[in-house]
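Novice: Take a look at the following structure, please.
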Amino acid sequence: MTMKIAFSDIDGTLLNKDREVSPALKKEVRRITENGVPFILISSRMPAAMTHLQDDLRISGLPLIAYNGGWVLVDGQAIHSEEIPLHIVREIDGLRSGSSLSVQLFHGHEWYVESMDFYALREENNTKVSPSVRKMKETTSDWQARNISAHKVMVMGEPAELDVLVEQLEREFDRELHLYRSKDTYLEIASKRISKLTGIEMLLANSYPDFSLADCIAFGDNFNDVEMLQAVGMGVAVANAKAAVLAVADRVVATNKEDGVAEGLRSLVV
């Protein structure tokens, strides 16, 4: 099977133990792109947390799929955008009041935190992007005036408090929200109308109309990668992936810390 386009998740999949792209990965990405196979980053991250990786891989001109498919960018312009309704963003704020949970809001290139707490500092370190600090209610008021809302909401804190919030959100917004527990202490919230698979479908239709899902290879490690890996022609899991991801993968390669994606590109994209 000939792969015509490659997609890769970032955290837990692409980056090595130093949270960087390795020399081996750079070599393989350069090889496939020079042979006409685009290498597309697809992540729950915001674009600014992805573009510096594109620079490192020398693929800066290629599209990006951010926010788990919620914002698809081609030549720096959005070809698809799916936001969480603002009234639900405000409801999330109300439901977490009285807890110690930390909330972060994302829209496009904007990232807001209420304080530079432990979680904000950790995300800043991991993504090499700095958030803006202001109260959530100020952000939602500003967004209402601009007629925009969140592409992603992140809620972080103690697992027991997150358990309560998840139960409430599932009860009230099961049809509207996708709730993704990337860690026990991390909850990522997005519109239920999007996924990494919808992001790929939007990009193919817009920019690669001659390619089908069967022409795609994709790499992932976590629950939000399952649908994508099942749908593409070659779904590849790194060895450190969740059991549910390993179960649906067509191939399993080495861990992210052992250059699994580079291994997969070398053996599967010729």
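Chain lettering (A, B, ...) mirrors the order of the structure tokens, residue numbering begins at 1 for each chain separately, and ligand numbering begins at 1 in order of display.
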What parts of stretch 30-206 of chain A does DSSP call strand (DSSP E)? I'd like the answer as a VMD selection string.

Specialist: chain A and resid 39 to 42 64 to 66 71 to 74 77 to 81 102 to 107 110 to 113 132 to 133 152 to 156 177 to 183 186 to 191

Novice: Export C-alpha atoms of the chosen residues as an mmCIF file, in the first residue's frame?

Specialist:
```
data_model
loop_
_atom_site.group_PDB
_atom_site.id
_atom_site.type_symbol
_atom_site.label_atom_id
_atom_site.label_comp_id
_atom_site.auth_asym_id
_atom_site.auth_seq_id
_atom_site.Cartn_x
_atom_site.Cartn_y
_atom_site.Cartn_z
ATOM 1 C CA PHE A 39 3.776 15.418 6.845
ATOM 2 C CA ILE A 40 0.920 17.035 8.783
ATOM 3 C CA LEU A 41 0.908 17.681 12.529
ATOM 4 C CA ILE A 42 -2.464 16.950 14.161
ATOM 5 C CA LEU A 64 -1.912 22.285 10.592
ATOM 6 C CA ILE A 65 -4.792 20.542 12.339
ATOM 7 C CA ALA A 66 -5.135 22.075 15.811
ATOM 8 C CA TRP A 71 -9.289 24.473 13.763
ATOM 9 C CA VAL A 72 -7.771 23.458 10.423
ATOM 10 C CA LEU A 73 -5.230 25.884 8.962
ATOM 11 C CA VAL A 74 -3.934 26.074 5.400
ATOM 12 C CA GLN A 77 -5.866 30.671 7.223
ATOM 13 C CA ALA A 78 -8.675 28.669 8.804
ATOM 14 C CA ILE A 79 -10.529 26.428 6.366
ATOM 15 C CA HIS A 80 -12.610 24.937 9.180
ATOM 16 C CA SER A 81 -13.534 26.156 12.653
ATOM 17 C CA SER A 102 -7.864 25.364 37.072
ATOM 18 C CA VAL A 103 -9.480 26.380 33.769
ATOM 19 C CA GLN A 104 -7.746 27.427 30.543
ATOM 20 C CA LEU A 105 -9.533 28.812 27.486
ATOM 21 C CA PHE A 106 -8.366 28.621 23.862
ATOM 22 C CA HIS A 107 -9.610 30.324 20.731
ATOM 23 C CA GLU A 110 -5.450 33.038 21.940
ATOM 24 C CA TRP A 111 -4.775 31.245 25.242
ATOM 25 C CA TYR A 112 -6.075 32.543 28.572
ATOM 26 C CA VAL A 113 -5.430 31.410 32.141
ATOM 27 C CA SER A 132 -2.378 35.630 28.698
ATOM 28 C CA VAL A 133 -3.630 36.082 32.259
ATOM 29 C CA LYS A 152 -10.930 24.117 23.473
ATOM 30 C CA VAL A 153 -11.374 24.323 27.235
ATOM 31 C CA MET A 154 -8.887 22.616 29.521
ATOM 32 C CA VAL A 155 -9.711 21.902 33.146
ATOM 33 C CA MET A 156 -6.945 20.632 35.398
ATOM 34 C CA LEU A 177 -19.358 18.146 24.240
ATOM 35 C CA HIS A 178 -16.508 15.759 23.681
ATOM 36 C CA LEU A 179 -14.746 15.125 26.997
ATOM 37 C CA TYR A 180 -11.239 13.755 26.716
ATOM 38 C CA ARG A 181 -9.311 12.773 29.848
ATOM 39 C CA SER A 182 -5.724 12.950 28.594
ATOM 40 C CA LYS A 183 -4.479 12.339 32.163
ATOM 41 C CA TYR A 186 -6.331 16.811 32.737
ATOM 42 C CA LEU A 187 -9.719 17.204 31.067
ATOM 43 C CA GLU A 188 -9.861 18.541 27.503
ATOM 44 C CA ILE A 189 -13.253 19.746 26.281
ATOM 45 C CA ALA A 190 -14.248 20.336 22.661
ATOM 46 C CA SER A 191 -17.292 20.327 20.439
#
```

Novice: Which residues, written as a count of residues only, have at least one atom at most 9 Å from A:Gly260, with only C-alpha atoms counted and residues fewer than 6 positions away on the same chain left out?

Specialist: 9

Novice: From the set A:Asp210, A:Asp18, A:Glu172, A:Glu158, which residue has the shortest atom-to-atom contact distance to A:Thr185, counting only C-alpha atoms?

Specialist: A:Glu158

Novice: Please return, as a PyMOL selection string, all residues of stretch 11-258 of chain A that DSSP assigns to alpha helix (DSSP H) on the basis of the backbone.

Specialist: chain A and resi 23-34+48-57+86-96+118-127+136-146+159-173+196-207+226-231+243-248

Novice: Quote the spacing between atom CA of A:Gln230 and atom CA of A:Leu53 in Å to one decimal place.

Specialist: 25.6 Å

Novice: Can you work out the spacing between atom CA of A:Met50 and atom CA of A:Ile10 in Å, to one decimal?

Specialist: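 Atom CA of A:Ile10 lies at a distance of 8.4 Å from atom CA of A:Met50.
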
Novice: Extract, using only C-alpha atoms, all DNA, RNA and protein residues at most 10 Å from stretch 123-128 of chain A, discarding same-chain residues fewer than 6 positions from it, and format them as a ChimeraX atom specification.

Specialist: /A:11,18-20,45-46,48-50,52-53,116

Novice: So which one's closest to A:Val232, A:Met3, A:Ile32, A:Val245, A:Val21? Using only C-alpha atoms, please.

Specialist: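 Of A:Met3, A:Ile32, A:Val245, A:Val21, the one nearest A:Val232 is A:Met3, counting only C-alpha atoms.
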